[in-house]
Amino acid sequence: MEAFLYGLDVINADPNILPNVKLSGLVSDYCGNRQRALRQISASVQGRITQSSDKKLAAVVEGFGSGTSGAVAKFLTLYKIPQISYAASSVTLSDKSQYPFFMRNIGRDSAQARVMIEIIKTMKWTYVSAVFSDSVYGRTGMREFLKLAAKENICVATQVKIESYFRNYPETMQNVVQYMLAGVFPNSRVVVMFVDTEDAHAILKAKASFGKSNNRMVWLAADGWGTYTSGVEGVEELAQGAITIDFYRNSAPTFREYVRSLNPTNNTRNIWFRDFWEQNFQCNLAGGSRFSSACSENLTFSDNLDDAIDRAAETALNALYTVARGIESLVVQSCPGAPHILCANASANLDKLYDHMRGLNFNGSSGLPVTFDALGDGVPRYNIFNYQRLAEGGHGYVKVGTWINGALNLLTQQMYFYDANNDSTVMTNLRSECQNPPCRCSTTEIMDMPFTEKHEAFTLLGYFPLHARGTFGKQCGAIVPFFVQQMLAFHYAIDKVNQDPTLFPNTSLGYMVWDTCANPDHGEFVFDAFDKNLRLFNHPPEVPLLTSVLAMIGGYYSDVTKAISKANQKGYHLVQISPTASAVELGNKTAHPRLLRTAAPDSAMFEALVDVAKGFGWTYLSTVVSNQYLHTTRNVTLGSILNRAGICVATTQTVDDLSDRRFDEIIQALVDVNGSVGVVILMGASNTLRLLDAAKRSNAQGRFVWLATDTWGTDLDLPVDNNDVARGTLTVVPDSDMDPGFDEYLKSVRPNSIPNTPWMKEFWEHHFQCNLEYGGKFDKTCSGQESLVDNPIRQHVYTTHTINAVYSYAHGITNLYRTKCGSYNPFECLDKIPGDDTSMQWAFDEINKVNFAGADGRPFTFTDQGHEMMRFKIFNYQPDMDPSYVEVGHWMNGNLSLNYSRLKMYDADGEPTDSVPKSQCVDLCAHCTDDDRPQNTNPSNVKITFTAHQKLWGILTLTVAVSGAVFTFLIMVIFMVKFQHHVVRQATSSLSLILLFGVFCMYLMIFAFMLSPTLATCGIRRIGLGFFYSICFAVILIQSLRIFRMHNKTHVSGQPSFLGGVSNTLGVFVLVAIEIVLVVEWVVLRPPGVKYVDGEAQWRCSTSNEDLVISLTYVFVLVFVTLMVSFRACRGTAFVQEAVYNAVVTIGTVLIIVAWTCCFLLLGPEYEEPSICIGLTANATVILMFVFGPKIVSLASHGSDADDDIAPEYNATYISRDGNSRDVGAAYDNKSFDISEKDITLSPL
């Protein structure tokens, strides 16, 4: 402020600036309050409008923070009053569409972010952490830094938002610092900071509580820390080593002299100067009473106290000069006849002042040029400081560089950081890099992701599809009230848990909640982001800091649940509990090992629906399916259950076009099917209503009996006009009663009931169709008296599933800490429950076996398959009753009970009928007897089907396998025809033929896995897989042993033994016989079989995948021994090439087996068949190429069978030291063989 007053004096005294115009100033103290600042500005502007004096409010010069500057700028825009700031640096203020009259004489934060990036690159740091204040300045500055970091391949390990209240709670701030110190990101030594001075001081003060031994971080801070001494006061040793950025400023000597001359006596125009004087000197002036002593008359400002006053003097003075020179430019242009007088034309055109100010280019108070870009921003110039321990004692900011107009000048050898012993080290020796890649990096998308949180000792994650899936490139669509209800149920359940003294005694449960927008990709993204959004929680499986994160609730939609489950397996392995995801594939524990569900699987719901149809004697149904993941997967499950029940699907109509015309076509297609009365609807509520509209348009009343699932349930609000086509509908819904406590909870819910939630306002406005704030999309403003008592939410059947999911977690984790530790404090139990993968498995096991009174008062427990008990209610839609959905039956674990006395069916006139209409085929219905429609579940009657040729992987695999089998057969024929040829004989023809047989069978073996499971195919799988593998590697092992022994025999005396064809063949038979004994024993003890898996809606072999792989143990041993022997054989100088081929084949086999077994065991059922078929085909092809490829080449290059044509390297005879010779065979195409080698001679075989 003194710079502002001083500037007015200097400008008014300067004859070269507005010589005949005087500037006056109006100064206000906004006390750091945005609303106060707006009121003050408003009063000033109203004075300008109403006063008739010659004083005009020309412009506003301010030093607000970015948030307040933005609010004031929007207000001043209404009056076209220019505003120039010397402190607000947020990038958002450069948006001319929002702030057309805002300018500043400093650079925007994007330039500071660029300075930080250049410093990091100069120091060769690649892995940093980030901290930012929850303000416009902090958020926009950090957003710019994250964008630039991503472009420069600098990984930001985590980002910490310092909310405004943190600084008032030392323990909270200590947890933030502990998070960065505890080894979660041990290689991130540099912390980038966009924080204000108060937050910087609070962080350093919190760090002091951990002692100097943890002095491992180097702070890289923007101007919010800058060169303020208040930010490091009392924590100087914790701040040393910090690199800070401040605006480039030169000293203004005349202003410093002016400040030194000030005292309370001569500075009466500044009404706040007396308070400042007392505060600065900690004494009382006359009449004061704040301090214990009176101020001496001899007090003056000393040099060491000028810094706080002088810090912003240059930019404040330049801002004032900009206004003065802008007015001067306006006057010159508007008053050509009197260029030094504020003429009437100039006064009338003050709204043009902004353009004149922005176009200026002049030397400022310190001699540096002042100019502005097209956005009204000043030239970005920065000083770079290193907070160091000074030689003369104490600490201070040492200037170590500048950044001007994009050029960094940094004195790296004069920059220091300090270790725990307070020893200084040159900054270039500091390493901050990811040492265990891949390291996941935080992004702007994560920073902007909305979520809500409340941290306690335990934290439960929640993932809800609060918005529908977005369209036209948008990530999220409209708010979905049903899932907002589920979020409220989640919070209600947490409140109930915290009120229960038996759950988490002496501690509490907190939460973090995200919106998945019903999108699998977005669901995976928000899950991956949860640890990088850093609030105060642990980074599983690292050591918890403030809270223990062991589980999550959510997914809800099956495809989103699946995506989160897959992401969870990449490293966290948290327990996942989904309240509504019911897809049968989610029951696969191999693919989803940590997933539990408080809902029953779709297969159970459709068993209940099909049992209803069977109870009516129906054998002919139609289906209408929405072209969405949930409904298409459900249709597959339904089709399988209908097949087993002997019910024929007359027609399946898919909603792939949302036009009315398409729905009319569907209704017509259903009408055209003679005899099919029952129609199963697999669609969402909106499409169901449109289908009913189409039925109404087609006058199809009484033509169909709709069979619906939980997507219709008892919550579909039907228009009265649709009653005549909907009456008689049967719906199957989970058997869950309501929780009366939740209804009471809803009565107290208000928009701010859940602190900091970003979604309640939107829900509230949608529910009550009113605006909570000015400028909303509805026609009326909310009164503030709205409540869910007057406009209640009807509790959904799945709401108790969400509540039970939370209860399950609470009971399970409480039992875990009771049994494993005896305490409920995560920190006291770190050694026993460290949060690693084993801890997560313990948590899963405890949650899986809970047994408690559920939200509806009935016992709740999980089944062995990890879902709730299979029980459903059957409702009949009777619009003439109240309620209109009448319960007419119950289904539990395969047992259906129907109350026919309560059931009503209707005719075309809407009159109740005495009987249930028939739904049976009355025509030929040949399609109902296709082989792919089994009529019962007797395994002996399961038909063989083949569908692999319908898939791309199947086509490619079949092409390679059939081609390979043909080539293998041709090679066998060639070897048998040319069995006298030296290449065939020297390769031991018997071994070659056996190996070719094994390869041929491996190619054919894929058909056993491509064909549907039957008693025959399952038996072939169990016997053939290991048998054919053992044939191949028994041969390769014998060949490798033969080469190894031949090499040894060339260097020792004695007669070689067992190298002939008979001996080798016998050895192969012995090795294969071991496999035969093992597999026969297994088949006898556990005969092959098939079983129908309801959870997957398909037939499977009774042998588990794990058992099938374990049965290859002997094969694995053979492969391992072959690998060792082939390596030894490669050391010989003779026959090395054949040994190398065997080694390559064995190594390739190891890699292929590892690949296909991992896919076979770890991925879902859809990958089992492709993985093993591709693996077998690849294995057979590798053997064929490397073992027989060279032989075929040799046969082609030595076509004659005559001995005279034999090349020397194809015939080796061992000569013993007594002069006797004996054939030992030959290595084909062995260029390492030397005919002059001692003890080796050449002779015909």
# chains A, B, ... in the order shown; residues from 1 in each chain; ligands from 1
call {"tool": "residues_around", "arguments": {"residues": "Leu1112 in chain A", "least_positions_apart": "5", "cutoff": "12 Å", "atoms": "only C-alpha atoms", "output": "mmCIF file with N, CA, C and O atoms, in the first residue's frame"}}
result
data_model
loop_
_atom_site.group_PDB
_atom_site.id
_atom_site.type_symbol
_atom_site.label_atom_id
_atom_site.label_comp_id
_atom_site.auth_asym_id
_atom_site.auth_seq_id
_atom_site.Cartn_x
_atom_site.Cartn_y
_atom_site.Cartn_z
ATOM 1 N N ARG A 1021 -8.366 -85.426 -23.694
ATOM 2 C CA ARG A 1021 -7.583 -84.313 -23.148
ATOM 3 C C ARG A 1021 -6.690 -84.794 -22.017
ATOM 4 O O ARG A 1021 -5.507 -84.460 -21.953
ATOM 5 N N ARG A 1022 -7.263 -85.559 -21.100
ATOM 6 C CA ARG A 1022 -6.500 -86.001 -19.931
ATOM 7 C C ARG A 1022 -5.385 -86.955 -20.311
ATOM 8 O O ARG A 1022 -4.275 -86.882 -19.787
ATOM 9 N N ILE A 1023 -5.674 -87.874 -21.246
ATOM 10 C CA ILE A 1023 -4.668 -88.889 -21.600
ATOM 11 C C ILE A 1023 -3.675 -88.350 -22.611
ATOM 12 O O ILE A 1023 -2.469 -88.514 -22.478
ATOM 13 N N GLY A 1024 -4.186 -87.676 -23.641
ATOM 14 C CA GLY A 1024 -3.339 -87.324 -24.771
ATOM 15 C C GLY A 1024 -2.344 -86.219 -24.508
ATOM 16 O O GLY A 1024 -1.225 -86.252 -25.044
ATOM 17 N N LEU A 1025 -2.709 -85.208 -23.689
ATOM 18 C CA LEU A 1025 -1.832 -84.054 -23.519
ATOM 19 C C LEU A 1025 -0.466 -84.467 -22.997
ATOM 20 O O LEU A 1025 0.564 -84.188 -23.600
ATOM 21 N N GLY A 1026 -0.429 -85.154 -21.874
ATOM 22 C CA GLY A 1026 0.853 -85.571 -21.314
ATOM 23 C C GLY A 1026 1.510 -86.674 -22.121
ATOM 24 O O GLY A 1026 2.749 -86.718 -22.239
ATOM 25 N N PHE A 1027 0.694 -87.582 -22.691
ATOM 26 C CA PHE A 1027 1.245 -88.721 -23.444
ATOM 27 C C PHE A 1027 2.032 -88.248 -24.664
ATOM 28 O O PHE A 1027 3.170 -88.678 -24.896
ATOM 29 N N PHE A 1028 1.457 -87.347 -25.447
ATOM 30 C CA PHE A 1028 2.135 -86.908 -26.669
ATOM 31 C C PHE A 1028 3.317 -85.995 -26.357
ATOM 32 O O PHE A 1028 4.322 -86.013 -27.059
ATOM 33 N N TYR A 1029 3.184 -85.201 -25.310
ATOM 34 C CA TYR A 1029 4.341 -84.405 -24.878
ATOM 35 C C TYR A 1029 5.494 -85.331 -24.473
ATOM 36 O O TYR A 1029 6.661 -85.101 -24.807
ATOM 37 N N SER A 1030 5.171 -86.385 -23.720
ATOM 38 C CA SER A 1030 6.228 -87.294 -23.250
ATOM 39 C C SER A 1030 6.877 -88.037 -24.416
ATOM 40 O O SER A 1030 8.086 -88.291 -24.387
ATOM 41 N N GLU A 1075 5.014 -92.267 -18.133
ATOM 42 C CA GLU A 1075 3.855 -91.385 -18.297
ATOM 43 C C GLU A 1075 2.577 -92.206 -18.423
ATOM 44 O O GLU A 1075 1.537 -91.845 -17.863
ATOM 45 N N ILE A 1076 2.651 -93.339 -19.140
ATOM 46 C CA ILE A 1076 1.456 -94.174 -19.320
ATOM 47 C C ILE A 1076 0.970 -94.693 -17.976
ATOM 48 O O ILE A 1076 -0.234 -94.685 -17.674
ATOM 49 N N LEU A 1078 1.398 -93.345 -15.038
ATOM 50 C CA LEU A 1078 0.846 -92.249 -14.250
ATOM 51 C C LEU A 1078 -0.544 -91.859 -14.732
ATOM 52 O O LEU A 1078 -1.471 -91.678 -13.934
ATOM 53 N N VAL A 1079 -0.721 -91.755 -16.051
ATOM 54 C CA VAL A 1079 -1.999 -91.296 -16.564
ATOM 55 C C VAL A 1079 -3.076 -92.367 -16.406
ATOM 56 O O VAL A 1079 -4.241 -92.063 -16.132
ATOM 57 N N TRP A 1082 -4.259 -92.259 -12.872
ATOM 58 C CA TRP A 1082 -5.120 -91.087 -12.664
ATOM 59 C C TRP A 1082 -6.511 -91.326 -13.238
ATOM 60 O O TRP A 1082 -7.530 -91.017 -12.610
ATOM 61 N N ASN A 1105 -8.722 -77.064 -14.296
ATOM 62 C CA ASN A 1105 -7.558 -76.600 -15.053
ATOM 63 C C ASN A 1105 -6.271 -76.848 -14.283
ATOM 64 O O ASN A 1105 -5.234 -77.209 -14.862
ATOM 65 N N GLU A 1106 -6.324 -76.620 -12.976
ATOM 66 C CA GLU A 1106 -5.126 -76.822 -12.161
ATOM 67 C C GLU A 1106 -4.674 -78.278 -12.198
ATOM 68 O O GLU A 1106 -3.471 -78.573 -12.311
ATOM 69 N N ASP A 1107 -5.635 -79.204 -12.096
ATOM 70 C CA ASP A 1107 -5.281 -80.627 -12.128
ATOM 71 C C ASP A 1107 -4.688 -81.015 -13.482
ATOM 72 O O ASP A 1107 -3.768 -81.841 -13.554
ATOM 73 N N VAL A 1117 9.454 -82.438 -15.909
ATOM 74 C CA VAL A 1117 10.739 -83.041 -15.515
ATOM 75 C C VAL A 1117 11.518 -83.465 -16.763
ATOM 76 O O VAL A 1117 12.739 -83.229 -16.871
ATOM 77 N N LEU A 1118 10.828 -84.104 -17.698
ATOM 78 C CA LEU A 1118 11.482 -84.515 -18.946
ATOM 79 C C LEU A 1118 12.076 -83.316 -19.678
ATOM 80 O O LEU A 1118 13.222 -83.368 -20.156
ATOM 81 N N VAL A 1119 11.312 -82.252 -19.779
ATOM 82 C CA VAL A 1119 11.778 -81.053 -20.487
ATOM 83 C C VAL A 1119 12.987 -80.467 -19.777
ATOM 84 O O VAL A 1119 13.971 -80.067 -20.417
ATOM 85 N N ILE A 1153 5.305 -73.357 -22.980
ATOM 86 C CA ILE A 1153 4.533 -73.977 -21.892
ATOM 87 C C ILE A 1153 4.216 -72.951 -20.811
ATOM 88 O O ILE A 1153 3.094 -72.885 -20.294
ATOM 89 N N THR A 1157 0.302 -72.056 -20.098
ATOM 90 C CA THR A 1157 -0.222 -72.437 -18.777
ATOM 91 C C THR A 1157 -0.652 -71.215 -17.976
ATOM 92 O O THR A 1157 -1.670 -71.261 -17.280
#
call {"tool": "select_by_dssp", "arguments": {"residues": "range 267-503 of chain A", "states": "alpha helix (DSSP H)", "output": "ChimeraX atom specification"}}
result
/A:273-281,307-310,313-334,344-348,353-358,444-447,481-499
call {"tool": "residues_around", "arguments": {"residues": "range 245-258 of chain A", "least_positions_apart": "6", "cutoff": "10 Å", "atoms": "only C-alpha atoms", "output": "PyMOL selection string"}}
result
chain A and resi 2-3+6-7+87+106-107+112+115-116+220-228+301+303+306-307+309-315+317+365-368+380-386+399+401-404
call {"tool": "residues_around", "arguments": {"residues": "Phe1160 in chain A", "least_positions_apart": "2", "cutoff": "10 Å", "atoms": "only C-alpha atoms", "output": "number ranges by chain"}}
result
A: 590, 1105-1106, 1109, 1154-1158, 1162-1172, 1175
call {"tool": "closest_residue", "arguments": {"among": "A:Ile803, A:Val850, A:Cys1018, A:Ile641", "to": "Gly1089 in chain A", "atoms": "only C-alpha atoms"}}
result
A:Cys1018
call {"tool": "residues_around", "arguments": {"residues": "Asp845 in chain A", "least_positions_apart": "4", "cutoff": "10 Å", "atoms": "only C-alpha atoms", "output": "NGL selection string"}}
result
:A and (575 or 594 or 812-813 or 816 or 839-841 or 849-850)
call {"tool": "atom_distance", "arguments": {"atom1": "CA of Leu689 in chain A", "atom2": "CA of Ser659 in chain A"}}
result
13.0 Å
call {"tool": "residues_around", "arguments": {"residues": "Val886 in chain A", "least_positions_apart": "2", "cutoff": "12 Å", "atoms": "only C-alpha atoms", "output": "short mmCIF file (atom, residue, chain, number, x, y, z; two decimals) with all heavy atoms, in the first residue's frame"}}
result
data_model
loop_
_atom_site.label_atom_id
_atom_site.label_comp_id
_atom_site.auth_asym_id
_atom_site.auth_seq_id
_atom_site.Cartn_x
_atom_site.Cartn_y
_atom_site.Cartn_z
N GLY A 713 -38.32 -55.18 -12.31
CA GLY A 713 -38.56 -55.33 -10.87
C GLY A 713 -39.93 -54.85 -10.45
O GLY A 713 -40.95 -55.12 -11.09
N THR A 714 -39.94 -54.08 -9.36
CA THR A 714 -41.18 -53.48 -8.88
C THR A 714 -41.06 -51.96 -8.86
O THR A 714 -41.87 -51.28 -8.22
CB THR A 714 -41.49 -53.98 -7.45
OG1 THR A 714 -40.40 -53.63 -6.58
CG2 THR A 714 -41.69 -55.47 -7.42
N ARG A 727 -50.20 -55.24 -18.02
CA ARG A 727 -50.86 -56.02 -16.96
C ARG A 727 -50.61 -57.51 -17.18
O ARG A 727 -50.55 -58.01 -18.31
CB ARG A 727 -52.37 -55.73 -16.93
CG ARG A 727 -53.10 -55.97 -18.23
CD ARG A 727 -54.61 -55.91 -18.03
NE ARG A 727 -55.07 -54.67 -17.47
CZ ARG A 727 -55.58 -53.66 -18.18
NH1 ARG A 727 -55.67 -53.77 -19.51
NH2 ARG A 727 -55.99 -52.57 -17.59
N GLY A 728 -50.43 -58.19 -16.07
CA GLY A 728 -50.13 -59.63 -16.13
C GLY A 728 -48.65 -59.95 -16.16
O GLY A 728 -48.26 -61.13 -16.07
N THR A 729 -47.82 -58.91 -16.29
CA THR A 729 -46.37 -59.13 -16.34
C THR A 729 -45.88 -59.84 -15.08
O THR A 729 -46.35 -59.57 -13.97
CB THR A 729 -45.64 -57.78 -16.49
OG1 THR A 729 -45.98 -57.21 -17.74
CG2 THR A 729 -44.12 -57.97 -16.42
N LEU A 730 -44.91 -60.73 -15.27
CA LEU A 730 -44.26 -61.42 -14.15
C LEU A 730 -42.83 -60.93 -14.06
O LEU A 730 -42.09 -60.94 -15.05
CB LEU A 730 -44.30 -62.93 -14.36
CG LEU A 730 -45.69 -63.57 -14.31
CD1 LEU A 730 -45.66 -64.96 -14.91
CD2 LEU A 730 -46.19 -63.63 -12.87
N THR A 731 -42.44 -60.48 -12.88
CA THR A 731 -41.07 -60.01 -12.68
C THR A 731 -40.41 -60.83 -11.57
O THR A 731 -41.06 -61.22 -10.60
CB THR A 731 -41.04 -58.52 -12.30
OG1 THR A 731 -41.64 -58.34 -11.01
CG2 THR A 731 -41.77 -57.68 -13.33
N VAL A 732 -39.12 -61.07 -11.76
CA VAL A 732 -38.32 -61.80 -10.78
C VAL A 732 -37.32 -60.83 -10.17
O VAL A 732 -36.52 -60.23 -10.89
CB VAL A 732 -37.58 -62.98 -11.45
CG1 VAL A 732 -36.75 -63.73 -10.41
CG2 VAL A 732 -38.58 -63.92 -12.11
N LYS A 873 -38.14 -63.22 -5.30
CA LYS A 873 -39.59 -63.10 -5.22
C LYS A 873 -40.15 -62.96 -6.63
O LYS A 873 -39.51 -62.39 -7.51
CB LYS A 873 -39.97 -61.87 -4.39
CG LYS A 873 -39.66 -61.98 -2.91
CD LYS A 873 -40.06 -60.70 -2.18
CE LYS A 873 -39.76 -60.81 -0.69
NZ LYS A 873 -40.15 -59.57 0.03
N ILE A 874 -41.35 -63.50 -6.82
CA ILE A 874 -42.04 -63.41 -8.10
C ILE A 874 -43.21 -62.45 -7.91
O ILE A 874 -44.06 -62.65 -7.02
CB ILE A 874 -42.57 -64.77 -8.58
CG1 ILE A 874 -41.51 -65.88 -8.35
CG2 ILE A 874 -42.99 -64.69 -10.04
CD1 ILE A 874 -40.22 -65.67 -9.08
N PHE A 875 -43.26 -61.39 -8.74
CA PHE A 875 -44.34 -60.41 -8.66
C PHE A 875 -45.16 -60.45 -9.94
O PHE A 875 -44.65 -60.74 -11.03
CB PHE A 875 -43.78 -59.00 -8.44
CG PHE A 875 -43.25 -58.76 -7.06
CD1 PHE A 875 -41.91 -59.01 -6.77
CD2 PHE A 875 -44.07 -58.30 -6.04
CE1 PHE A 875 -41.41 -58.80 -5.50
CE2 PHE A 875 -43.57 -58.08 -4.77
CZ PHE A 875 -42.24 -58.34 -4.49
N ASN A 876 -46.44 -60.13 -9.79
CA ASN A 876 -47.38 -60.09 -10.90
C ASN A 876 -47.96 -58.67 -10.97
O ASN A 876 -48.48 -58.16 -9.97
CB ASN A 876 -48.50 -61.12 -10.65
CG ASN A 876 -49.51 -61.19 -11.78
OD1 ASN A 876 -50.68 -61.45 -11.55
ND2 ASN A 876 -49.08 -60.99 -13.02
N TYR A 877 -47.82 -58.02 -12.13
CA TYR A 877 -48.29 -56.64 -12.26
C TYR A 877 -49.79 -56.63 -12.46
O TYR A 877 -50.32 -57.11 -13.47
CB TYR A 877 -47.59 -55.95 -13.43
CG TYR A 877 -47.99 -54.50 -13.57
CD1 TYR A 877 -47.75 -53.58 -12.55
CD2 TYR A 877 -48.63 -54.05 -14.74
CE1 TYR A 877 -48.12 -52.25 -12.68
CE2 TYR A 877 -49.00 -52.72 -14.87
CZ TYR A 877 -48.74 -51.83 -13.84
OH TYR A 877 -49.11 -50.50 -13.97
N GLN A 878 -50.48 -56.07 -11.47
CA GLN A 878 -51.94 -55.98 -11.48
C GLN A 878 -52.32 -54.52 -11.21
O GLN A 878 -52.42 -54.10 -10.06
CB GLN A 878 -52.55 -56.90 -10.41
CG GLN A 878 -52.16 -58.37 -10.57
CD GLN A 878 -52.64 -59.25 -9.42
OE1 GLN A 878 -53.51 -58.86 -8.65
NE2 GLN A 878 -52.07 -60.44 -9.33
N PRO A 879 -52.49 -53.73 -12.26
CA PRO A 879 -52.68 -52.28 -12.08
C PRO A 879 -53.94 -51.91 -11.32
O PRO A 879 -54.04 -50.78 -10.82
CB PRO A 879 -52.74 -51.76 -13.53
CG PRO A 879 -53.08 -52.94 -14.37
CD PRO A 879 -52.49 -54.12 -13.68
N ASP A 880 -54.88 -52.84 -11.20
CA ASP A 880 -56.10 -52.54 -10.46
C ASP A 880 -55.93 -52.75 -8.95
O ASP A 880 -56.86 -52.52 -8.19
CB ASP A 880 -57.26 -53.39 -10.96
CG ASP A 880 -56.91 -54.88 -11.00
OD1 ASP A 880 -55.72 -55.19 -11.20
OD2 ASP A 880 -57.82 -55.71 -10.82
N MET A 881 -54.76 -53.21 -8.54
CA MET A 881 -54.50 -53.46 -7.11
C MET A 881 -53.59 -52.35 -6.56
O MET A 881 -52.95 -51.60 -7.29
CB MET A 881 -53.83 -54.82 -6.94
CG MET A 881 -54.66 -56.00 -7.44
SD MET A 881 -56.17 -56.26 -6.47
CE MET A 881 -55.45 -56.83 -4.92
N ASP A 882 -53.53 -52.26 -5.24
CA ASP A 882 -52.64 -51.31 -4.58
C ASP A 882 -51.93 -52.03 -3.43
O ASP A 882 -52.59 -52.43 -2.46
CB ASP A 882 -53.43 -50.12 -4.03
CG ASP A 882 -52.51 -49.04 -3.47
OD1 ASP A 882 -51.31 -49.03 -3.84
OD2 ASP A 882 -52.99 -48.21 -2.67
N PRO A 883 -50.65 -52.30 -3.51
CA PRO A 883 -49.75 -51.89 -4.61
C PRO A 883 -49.99 -52.72 -5.86
O PRO A 883 -50.54 -53.83 -5.80
CB PRO A 883 -48.37 -52.13 -4.02
CG PRO A 883 -48.57 -53.24 -3.05
CD PRO A 883 -49.92 -53.03 -2.45
N SER A 884 -49.56 -52.17 -6.99
CA SER A 884 -49.87 -52.81 -8.27
C SER A 884 -49.00 -54.03 -8.54
O SER A 884 -49.37 -54.87 -9.37
CB SER A 884 -49.69 -51.80 -9.41
OG SER A 884 -48.40 -51.22 -9.38
N VAL A 888 -46.54 -63.14 -5.87
CA VAL A 888 -47.27 -64.38 -6.16
C VAL A 888 -46.41 -65.63 -6.02
O VAL A 888 -46.91 -66.74 -6.22
CB VAL A 888 -47.86 -64.34 -7.58
CG1 VAL A 888 -48.88 -63.22 -7.72
CG2 VAL A 888 -46.76 -64.20 -8.64
N GLY A 889 -45.13 -65.46 -5.68
CA GLY A 889 -44.30 -66.65 -5.57
C GLY A 889 -42.95 -66.34 -4.96
O GLY A 889 -42.57 -65.19 -4.75
N HIS A 890 -42.26 -67.44 -4.69
CA HIS A 890 -40.93 -67.33 -4.09
C HIS A 890 -40.07 -68.47 -4.61
O HIS A 890 -40.54 -69.59 -4.81
CB HIS A 890 -41.02 -67.39 -2.56
CG HIS A 890 -39.72 -67.13 -1.86
ND1 HIS A 890 -38.87 -68.15 -1.49
CD2 HIS A 890 -39.13 -65.97 -1.49
CE1 HIS A 890 -37.80 -67.62 -0.91
NE2 HIS A 890 -37.93 -66.31 -0.89
N ASN A 899 -48.19 -69.04 -5.80
CA ASN A 899 -49.53 -68.92 -5.25
C ASN A 899 -50.48 -68.55 -6.39
O ASN A 899 -50.66 -67.38 -6.73
CB ASN A 899 -49.55 -67.85 -4.16
CG ASN A 899 -50.89 -67.78 -3.44
OD1 ASN A 899 -51.91 -68.29 -3.93
ND2 ASN A 899 -50.90 -67.15 -2.28
N TYR A 900 -51.07 -69.55 -7.02
CA TYR A 900 -51.90 -69.32 -8.19
C TYR A 900 -53.15 -68.53 -7.85
O TYR A 900 -53.75 -67.88 -8.73
CB TYR A 900 -52.28 -70.65 -8.84
CG TYR A 900 -51.14 -71.29 -9.61
CD1 TYR A 900 -50.28 -72.18 -8.98
CD2 TYR A 900 -50.94 -70.98 -10.95
CE1 TYR A 900 -49.23 -72.76 -9.67
CE2 TYR A 900 -49.89 -71.56 -11.65
CZ TYR A 900 -49.03 -72.45 -11.01
OH TYR A 900 -48.00 -73.01 -11.69
N SER A 901 -53.56 -68.56 -6.59
CA SER A 901 -54.78 -67.84 -6.21
C SER A 901 -54.59 -66.33 -6.28
O SER A 901 -55.56 -65.58 -6.43
CB SER A 901 -55.21 -68.25 -4.80
OG SER A 901 -54.23 -67.87 -3.85
N ARG A 902 -53.38 -65.88 -6.19
CA ARG A 902 -53.10 -64.45 -6.24
C ARG A 902 -52.70 -63.99 -7.64
O ARG A 902 -52.58 -62.81 -7.91
CB ARG A 902 -51.99 -64.08 -5.25
CG ARG A 902 -52.27 -64.49 -3.82
CD ARG A 902 -51.27 -63.86 -2.88
NE ARG A 902 -51.44 -62.41 -2.82
CZ ARG A 902 -50.64 -61.59 -2.14
NH1 ARG A 902 -49.59 -62.08 -1.50
NH2 ARG A 902 -50.85 -60.29 -2.13
N LEU A 903 -52.45 -64.97 -8.53
CA LEU A 903 -51.97 -64.68 -9.87
C LEU A 903 -53.11 -64.25 -10.78
O LEU A 903 -54.20 -64.82 -10.74
CB LEU A 903 -51.29 -65.93 -10.44
CG LEU A 903 -50.68 -65.82 -11.84
CD1 LEU A 903 -49.47 -64.90 -11.82
CD2 LEU A 903 -50.27 -67.21 -12.33
N LYS A 904 -52.87 -63.23 -11.59
CA LYS A 904 -53.87 -62.77 -12.54
C LYS A 904 -53.26 -62.65 -13.93
O LYS A 904 -52.18 -62.08 -14.10
CB LYS A 904 -54.44 -61.40 -12.14
CG LYS A 904 -55.44 -61.43 -11.02
CD LYS A 904 -56.03 -60.04 -10.82
CE LYS A 904 -57.04 -60.03 -9.67
NZ LYS A 904 -57.62 -58.67 -9.50
#
call {"tool": "residues_around", "arguments": {"residues": "range 915-924 of chain A", "least_positions_apart": "3", "cutoff": "8 Å", "atoms": "only C-alpha atoms", "output": "count of residues only"}}
result
12
call {"tool": "atom_distance", "arguments": {"atom1": "CA of Thr838 in chain A", "atom2": "CA of Thr547 in chain A"}}
result
18.1 Å
